[in-house]
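Report on the structure given below.
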Amino acid sequence: MFAMKGRPHSSGRNQTTDAMISKWNYQPLTTQQRGYAEEMAETCGGNSVIAELLVRRGVATPQGAETFFSPSINDLHDPFLMPDMSKAVNRLNKAMGAKERIMVYGDYDVDGTTAVALVYKYLQNYYSNIEYYIPSRDDEGYGISLKSIDYAAERGVKLIIVLDCGIKANTEIAYAKRLGIDFIICDHHVPDEVLPDAVAILNPKMPGSTYPCKYLSGCGVGFKFMQAFAKSNGLGNHNELESLLDLVAVSIAADIVPIVDENRVMAFHGLRRLNSNPNMGLRSIIRLCKLTNKDITISDVIFKIGPRINASGRMQSGMEAVDLLVSRDLHEAYEKGKDIDQYNRDRKELDKKITEEANTLIERNVDIVNGKRSIVIFNKHWHKGIIGIVASRLTELYFKPSVVLTLSNGLATGSSRSVQGFDIYAAVNSTRHLLENFGGHTYAVGLSLKEENIPEFSRLFEEYVASHIQPNQLEPHLDIDAEIEFADITPELLSMLKRFNPFGPGNQKPVFCTRNVFDFGTSKLVGKTLEHIKLELEDDSTSHVINAIAFNMAQYFEHIHAHKPIDICYTIEQSKRGNNPDNIQLMIRDIRPSDTEK
């Protein structure tokens, strides 16, 4: 029997692979789903595995499969389906006709800065009396600040287009209105019952909205606004607008919104642009990430490109990120990119330090986690720009919704992250009487409160989580897309799997399960400390040997090497060794002894 993997407490250990995956979830297709799969098999080249994967993604017809595999710009929804879109376009047209000064305003994260860059770049093609503004995380905090409104008034601004924030800025927008400044809000965060007094609010989550895609990023909402503006003014150069989809793809990946519906269309075409002709700023980051001439994926955006853009707002100023993204000179962009790359290195060091401190705090105060279904920690000295990352790490490590707080401008300011399937926005909302401000999504919420309210917030937050979270949400699990044999793993299958890109929430990379496989006799331990297993495996369905890699699973080697049968969960990848596109390697996600060994 395998030695079981315990849950780690040291920040020096791997936080995603060391925790035991306690459950494998596989639900065979229903009779109705099997009927859909059989109908689509011909569209999938007769491949029943691909048909099953499509059905699990909600694709039920051959026509739907064609749309899924070949997303078209023409599949984007009419932007005027979004409530208030006509009002927003009319106000923008009026401002431009009257030569009013316009400010494009956004949050300091990836979604906000890409949104500001997109709207500013597009409007600048037709209008020059325009500027952009990103608030300081330290001095102004999240959202619309009174300081920014005073600045806008001094500059003679009459219209502010706010992106990726603003849906709860009732007080600030009322103040701006008294100064003669109108607002168009482009947001995707959950609105409150009482809405700001803006000229127009563009948000697919608005109550009563029938807009077909509810999960746009903030940048995606900005793109829809510009799409409507172009349509209303008969601007037929579609390439001018579509060339900005690389920014939308970056926002979709970094903000982890579901890659379904028109998000899939925009991510698909945005990645194409990112790989062929990205804007100057993104090109400099791609170069600094050493991704030039490589096939850039959503994963590359999440782990390489996005963190660099984010680092600007976390460590210095989000304005620098927009400066980079709107740059028209490659040399200038590269120099700005180097600064942001350095911010990212600094961010990594600080991230490591604060994560270690957070883990030490929990280890020394075990009551923070023991017997509880949530985590709330506070340290007034932690860097405000890093606490969201630390909250994510704690959630990954302990599988509990986590809130990390620090002190900023006299208030305890925090970020929260959730586990799969649990609505942390609702949990934070249940404590709103204790909060000065809050806002966010199902899986991530920002908040601020008075320091003396932290104990009561912790108590009520835990009370809500404990009564609403399901036990299976508090443990790691794997969702299996299909159970297959090694005979099913062919170059043709690999080629078809590539067409499922881009991967992300709502369309995760397919996870397969194969049971009763054996070591061919040549598997070995690899890595600096022999922590990984390089596998060569076989099963009874074929004589072909399948290559695989199992990271941080050395504890299983003795069992495998003894030629005992195992069950494996994995993704199917193209091997990076050699130039042969038919080279296949399995990326092992988990291993178990087969039933015959239990």
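Every chain in the structure tokens has a letter given in the order shown (A, B, ...), and although residue numbers restart at 1 in each chain, ligands are simply numbered from 1 in the order shown.
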Task: Surrounding residues of Val322 (chain A) excluding itself and chain neighbours under 3 positions, 6 Å, only C-alpha atoms, as a list in words - done: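 Skipping anything fewer than 3 positions along the chain leaves Thr113, Ala117, Met319 and Leu325 of chain A.
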Would you export the selected residues with all heavy atoms as a PDB file, in the first residue's frame, please?
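File produced: result-v5.pdb:
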ATOM      1  N   THR A 113      -6.112  47.267 -15.934  1.00  0.00           N
ATOM      2  CA  THR A 113      -5.132  47.970 -16.775  1.00  0.00           C
ATOM      3  C   THR A 113      -5.279  47.593 -18.247  1.00  0.00           C
ATOM      4  O   THR A 113      -5.129  48.445 -19.126  1.00  0.00           O
ATOM      5  CB  THR A 113      -3.697  47.704 -16.292  1.00  0.00           C
ATOM      6  OG1 THR A 113      -3.468  46.296 -16.185  1.00  0.00           O
ATOM      7  CG2 THR A 113      -3.455  48.357 -14.933  1.00  0.00           C
ATOM      8  N   ALA A 117      -6.256  50.252 -21.180  1.00  0.00           N
ATOM      9  CA  ALA A 117      -5.422  50.316 -22.382  1.00  0.00           C
ATOM     10  C   ALA A 117      -6.266  50.101 -23.634  1.00  0.00           C
ATOM     11  O   ALA A 117      -6.104  50.803 -24.639  1.00  0.00           O
ATOM     12  CB  ALA A 117      -4.301  49.280 -22.308  1.00  0.00           C
ATOM     13  N   MET A 319      -0.382  52.680 -13.312  1.00  0.00           N
ATOM     14  CA  MET A 319      -0.231  53.587 -14.457  1.00  0.00           C
ATOM     15  C   MET A 319       0.915  53.117 -15.350  1.00  0.00           C
ATOM     16  O   MET A 319       0.845  53.241 -16.579  1.00  0.00           O
ATOM     17  CB  MET A 319       0.045  55.011 -13.974  1.00  0.00           C
ATOM     18  CG  MET A 319      -1.159  55.724 -13.396  1.00  0.00           C
ATOM     19  SD  MET A 319      -2.367  56.241 -14.652  1.00  0.00           S
ATOM     20  CE  MET A 319      -1.570  57.714 -15.298  1.00  0.00           C
ATOM     21  N   LEU A 325       1.287  49.156 -22.012  1.00  0.00           N
ATOM     22  CA  LEU A 325       0.330  48.523 -22.922  1.00  0.00           C
ATOM     23  C   LEU A 325      -0.135  49.437 -24.052  1.00  0.00           C
ATOM     24  O   LEU A 325      -0.618  48.961 -25.071  1.00  0.00           O
ATOM     25  CB  LEU A 325      -0.880  48.009 -22.132  1.00  0.00           C
ATOM     26  CG  LEU A 325      -0.582  46.877 -21.139  1.00  0.00           C
ATOM     27  CD1 LEU A 325      -1.805  46.574 -20.284  1.00  0.00           C
ATOM     28  CD2 LEU A 325      -0.109  45.624 -21.855  1.00  0.00           C
TER      29      LEU A 325
END
Open item on the list: Neighbouring residues of region 506-514 of chain A were defined as those with any atom within 6 Å, considering only C-alpha atoms; residues of the same chain fewer than 3 positions away were excluded. Please report them as a list in words.
Closed with: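 The residues satisfying every condition are Pro258, Ile259, Ile480, Asp481, Ala482, Glu483, Ile484, Glu485, Phe503, Asp567, Ile568, Cys569, Tyr570 and Thr571 of chain A.
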Open item on the list: At a cut-off of 9 Å, using only C-alpha atoms, what residues contact region 341-348 of chain A? Leave out same-chain residues fewer than 5 positions from it and give the result as a PyMOL selection string.
Closed with: chain A and resi 285+288-289+307-312+314-316+336+353+385-386
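Here the question is which of A:Leu449, A:Ile305, A:Ala426, A:Pro401 gets nearest to Leu474 (chain A) using only C-alpha atoms, and that residue is A:Pro401.
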Open item on the list: I'd like the neighbourhood of region 435-441 of chain A as a list in words, where a residue qualifies if any of its atoms comes within 9 Å (using only C-alpha atoms), though same-chain residues fewer than 2 positions away should be ignored.
Closed with: Cys165, Ile167, Lys168, His188, His189, Val190, Pro191, Leu411, Asp423, Ile424, Tyr425, Val428, Asn429, Thr431, Arg432, His433, Tyr443, Ala444, Val445, Gly446, Leu447, Ser448, Leu449, Lys450, Asn453 and Phe457 of chain A
Task: strand (DSSP E or B) per DSSP on the backbone: members of region 53-183 of chain A, as a PyMOL selection string - done: chain A and resi 101-106+130-133+157-163+182-183
Task: Contacts of region 94-105 of chain A at 8 Å (only C-alpha atoms; same-chain gap of 4+ positions) as a VMD selection string - done: chain A and resid 90 116 119 to 120 127 129 to 134 152 156 to 163
Can I get the selection written as a PDB file, in the first residue's frame, with C-alpha atoms?
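Output file out.pdb follows:
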ATOM      1  CA  ASN A  90     -25.016  58.241 -26.864  1.00  0.00           C
ATOM      2  CA  VAL A 116      -8.077  50.968 -19.734  1.00  0.00           C
ATOM      3  CA  VAL A 119     -10.577  51.643 -24.484  1.00  0.00           C
ATOM      4  CA  TYR A 120      -7.936  54.381 -24.531  1.00  0.00           C
ATOM      5  CA  TYR A 127     -10.405  61.465 -30.510  1.00  0.00           C
ATOM      6  CA  ASN A 129      -8.962  65.024 -25.856  1.00  0.00           C
ATOM      7  CA  ILE A 130      -8.633  61.922 -23.700  1.00  0.00           C
ATOM      8  CA  GLU A 131      -6.430  60.647 -20.880  1.00  0.00           C
ATOM      9  CA  TYR A 132      -6.260  57.647 -18.544  1.00  0.00           C
ATOM     10  CA  TYR A 133      -5.958  57.215 -14.795  1.00  0.00           C
ATOM     11  CA  ILE A 134      -5.163  54.303 -12.501  1.00  0.00           C
ATOM     12  CA  ALA A 152     -10.403  65.029 -12.995  1.00  0.00           C
ATOM     13  CA  GLY A 156     -11.608  69.835 -16.912  1.00  0.00           C
ATOM     14  CA  VAL A 157     -12.839  66.270 -17.380  1.00  0.00           C
ATOM     15  CA  LYS A 158     -16.572  66.026 -18.102  1.00  0.00           C
ATOM     16  CA  LEU A 159     -16.931  62.285 -18.698  1.00  0.00           C
ATOM     17  CA  ILE A 160     -15.215  59.371 -16.932  1.00  0.00           C
ATOM     18  CA  ILE A 161     -15.408  55.878 -18.405  1.00  0.00           C
ATOM     19  CA  VAL A 162     -14.633  53.593 -15.479  1.00  0.00           C
ATOM     20  CA  LEU A 163     -13.609  49.987 -16.089  1.00  0.00           C
TER      21      LEU A 163
END
